[in-house]
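**Student:** Mind looking over this structure? Questions follow.
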2 protein chains.
Amino acid sequence: MSAKRPVRELMPALAGKTYFNYGGQGPLPSPSLEAMVACWRTIQELGPFTTAVWPFIEAQTVAVRQALATLCGVGPHRLALTENVTSGCVLPLWGLPWQRGDELLLGDCEHPGVVAACQELARRKALRVSVLPVLELCCSNTQEALEALVLEQLERALTPNTRLVVLSHLLWNTGSIMPIAAVAQRLQQHSNQPWLLVDAAQSMGSIPVDEAASVADIYAFTGHKWCCGPEGLGGVALSERLLEVAQPTLIGWRSLRHESTAASSFHHDARRFEVATSCVPLASGLTCSLDLLAAQGSPQQRHQRCRQLADRLWRGLQALPGARTLLNQPPPAGLVSFTLHDASGRQRDTAGTVDALGRAGIWIRRLDQPDCLRACVHVTTTEAEVDHLLQALTALQQRQA
Amino acid sequence: MSAKRPVRELMPALAGKTYFNYGGQGPLPSPSLEAMVACWRTIQELGPFTTAVWPFIEAQTVAVRQALATLCGVGPHRLALTENVTSGCVLPLWGLPWQRGDELLLGDCEHPGVVAACQELARRKALRVSVLPVLELCCSNTQEALEALVLEQLERALTPNTRLVVLSHLLWNTGSIMPIAAVAQRLQQHSNQPWLLVDAAQSMGSIPVDEAASVADIYAFTGHKWCCGPEGLGGVALSERLLEVAQPTLIGWRSLRHESTAASSFHHDARRFEVATSCVPLASGLTCSLDLLAAQGSPQQRHQRCRQLADRLWRGLQALPGARTLLNQPPPAGLVSFTLHDASGRQRDTAGTVDALGRAGIWIRRLDQPDCLRACVHVTTTEAEVDHLLQALTALQQRQA
């Protein structure tokens, strides 16, 4: 790891609390906030709407697009900037050439937002939704064994009508990594060559993503979770073949090649999925956060560090009476999900545990499906924080015993 | 007008330049930037993802929703927050029950973004697009006469298949006000009760909008033009009848009543058209800007002031050799569009004029349809600025003579 000043010290959110909700939202480094303020000031000084301001605005947008494209291992022409993960997942879907009866195959660990969006797409276009079960596989197998098992499951689930597969890269509930590159390869061999939509909400910024992002058709992420950027800016990497056929749906001046006329064609590149005015200073903030994280080590090094910390937490939970981790093997990345149980084996109320820890300044979250607790560790996490959480959980278990 | 400190003095963008591009983007007051920074700091102090931060975030969102709903004369349940005007215009459209052959009637002064979006909607749903010509009417009639003439034109253009009418409240090119309330009333009497979509990009913050916003089905605006808020936050007021039938299309966790499950129904209210994570601090910034503008006078008073300034500019242009205003009557609001001509009557290059003025620190813009120059005056504009622009235009005409 780099010997530079730890980014942790630049994050006011980490002062006075013990934070494990990186998968919900990452802490914003002060330099990123300062970068946004500086950007706003420059826009006001040069503009806000003048010939003088456009090159500056273009430079902010180009910089963040290039940085995100590089992380995704794609050219910047394949990277659209979006407001959030959902926009990146859903917008390209609506403009694909669906046919009545096409099947959408959704992993059973996908986020409710994406699932609801696919259900509505299916309702309107008369498509069918089916489920690819991976949850059980994740819980009872090593990450190494998982790849082959997920591919077997995919094999069973694919039909001649399968036209889309939706799978997260890093599952938000179990914390397992899905073999996206292998899935993409398999889908290419399928008669129908189904589209592959990857929800990258948890992977971008926490594990290396280029191998998966460059082969998915839609690889959608946000900057405000593991990248520690501001809320309201994300992106999506799109495949060449998708760009060839998908029409934009939420069309605004940014979708058009020539913004001054409605007779214009759409941008040939990923910008066709950008819409209209968005908040440019967020680009400066995200670029700054990405730079600060890069100074902590390569994506591989940072992933390794998260994995070490997750391992420490996972092992601590094995030793904690009444704690059960979702995974029966150490997690492959920074998400650690578990449940607490009383002496008779009954699961304790997860909301109550979140509140009790919160009162002690320790922040984890609960999930609904499955009903569990989730703690995330990032490169900004310390061993002392992990131990503090384990001690607090131990005390909670003892107090409730 | 209020005796409070003029908001102009709080806008760094207005220092060192003479600014007439409020219709492109309004200057951001320093207190609004400070409000955003304070919001970000509080989110980091309490959160960013903790039980402690949700009430604060909810309060910011509720405040801006309420402020915008009040301006629109609707209950907050009818107001969805959006990223920009386009999202507000287009998202509700995609979830309406279209039938093959339905007709979309678009004003001929609509923004290319909205027109392109309607064309794509028509292509996919097999609808027909027709045009409601208002440009000529605007140029050669008083604002007072315009209402009846637009209604006559509408009468001629409506067919039994008309299912949507798209019209801006304040036209971005001529600066004319469309009689939205009267149009809405007429459409209610039409057999088909067509939906009324109003692009409010230029009206919100520059003229009173409640009468129009409360009767349109979709009244979409942004906070970053005449409201002088940050870029990236706008809203849309939706009718009760639209909320009853329109399904969301860009679905995320914010569209769902119960965000933790995809089996959830959508929000009953306008939040069904909100998507997922957006930038909460922008809400604090826009609320601050709206407060600062409100301190300058009521919407009626501020409109009156813009009209006075526009009148001064329009009259100055009548006296300027070679200048021709688009309107042959003083403008009804703060947008003043015109062209410059040489001694032989040939129109001067508009881009060249914008550049020449820009070099003198005076910022207006050019438009394509029709090819013209546009200067906007706001409550923050001074008579001296208007005179400065007129002098610069006079000098330009003399130099080029």
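Going through the structure tokens in order, the chains are called A, B, and so on, while each chain numbers its residues from 1 and the ligands are numbered from 1 in the order shown.
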Within 7 Å of chain B, which residues belong to chain A? Use only C-alpha atoms and report them as a count of residues only.
**Tutor:** 41
**Student:** Please list as a list in words every residue within 10 Å of A:Ser32, counting only C-alpha atoms and excluding residues in the same chain fewer than 5 positions away.
**Tutor:**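 The residues that qualify are Leu10, Met11, Val37, Ala38, Cys228, Gly229, Pro230, Pro281, Leu282, Ala283, Ser284, Gly285, Leu286, Thr287, Cys288, Ser289, Leu290, Asp291 and Leu292 of chain A.
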**Student:** For B:Asp311, find every residue with an atom within 10 Å (counting only C-alpha atoms), except residues of its own chain fewer than 4 positions away, and show them as number ranges by chain.
**Tutor:** B: 305-307, 315-317, 329-334, 336, 377
**Student:** Excluding stretch 208-212 of chain B and residues on its chain fewer than 4 positions from it, collect all residues at most 9 Å away from it, counting only C-alpha atoms, and give them as a VMD selection string.
**Tutor:** chain B and resid 69 to 74 169 179 to 182 184 198 200 203 to 204 216 219 298 to 300 302 to 303
**Student:** So what do you get for atom CA of A:Leu79 versus atom CA of A:Ala67, distance-wise?
**Tutor:**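 That distance, rounded to one decimal, is 10.1 Å.
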**Student:** Would you list, as a PyMOL selection string, the residues of stretch 87-131 of chain B that end up in strand (DSSP E) under DSSP run on this structure's backbone?
**Tutor:** chain B and resi 103-107+128-131
**Student:** For the residues in that selection, give me N, CA and C atoms as an mmCIF file, in the first residue's frame.
**Tutor:**
data_model
loop_
_atom_site.group_PDB
_atom_site.id
_atom_site.type_symbol
_atom_site.label_atom_id
_atom_site.label_comp_id
_atom_site.auth_asym_id
_atom_site.auth_seq_id
_atom_site.Cartn_x
_atom_site.Cartn_y
_atom_site.Cartn_z
ATOM 1 N N GLU B 103 -52.437 11.157 -31.439
ATOM 2 C CA GLU B 103 -51.683 12.292 -31.975
ATOM 3 C C GLU B 103 -51.091 13.160 -30.884
ATOM 4 N N LEU B 104 -49.839 13.536 -31.101
ATOM 5 C CA LEU B 104 -49.149 14.462 -30.211
ATOM 6 C C LEU B 104 -49.076 15.804 -30.936
ATOM 7 N N LEU B 105 -49.632 16.841 -30.325
ATOM 8 C CA LEU B 105 -49.660 18.162 -30.957
ATOM 9 C C LEU B 105 -48.634 19.057 -30.255
ATOM 10 N N LEU B 106 -47.582 19.409 -31.000
ATOM 11 C CA LEU B 106 -46.459 20.146 -30.391
ATOM 12 C C LEU B 106 -46.399 21.577 -30.912
ATOM 13 N N GLY B 107 -46.293 22.514 -30.010
ATOM 14 C CA GLY B 107 -46.070 23.897 -30.418
ATOM 15 C C GLY B 107 -44.817 24.006 -31.271
ATOM 16 N N ARG B 128 -48.708 9.756 -33.886
ATOM 17 C CA ARG B 128 -48.446 10.770 -34.905
ATOM 18 C C ARG B 128 -48.116 12.097 -34.252
ATOM 19 N N VAL B 129 -47.174 12.799 -34.842
ATOM 20 C CA VAL B 129 -46.782 14.101 -34.320
ATOM 21 C C VAL B 129 -47.284 15.179 -35.269
ATOM 22 N N SER B 130 -47.977 16.167 -34.744
ATOM 23 C CA SER B 130 -48.349 17.298 -35.592
ATOM 24 C C SER B 130 -47.964 18.595 -34.878
ATOM 25 N N VAL B 131 -48.007 19.675 -35.622
ATOM 26 C CA VAL B 131 -47.441 20.926 -35.120
ATOM 27 C C VAL B 131 -48.527 21.986 -34.926
#
**Student:** Excluding B:Gln143 and any residue of its chain fewer than 4 positions from it, enumerate the residues within 12 Å of it, using only C-alpha atoms, and give them as JSON, numbers by chain.
**Tutor:** {"B": [137, 138, 139, 147, 148, 149, 150, 170, 174, 175, 176, 177, 178, 179, 327, 328, 329, 330, 331, 332, 333]}
**Student:** Would you please extract all helix (DSSP H, G or I) residues from stretch 111-352 of chain B, as assigned by DSSP on the backbone, and give them as a PyMOL selection string?
**Tutor:** chain B and resi 112-125+135-140+143-157+180-189+210-213+240-245+253-255+270-273+281-294+299-318+350-352
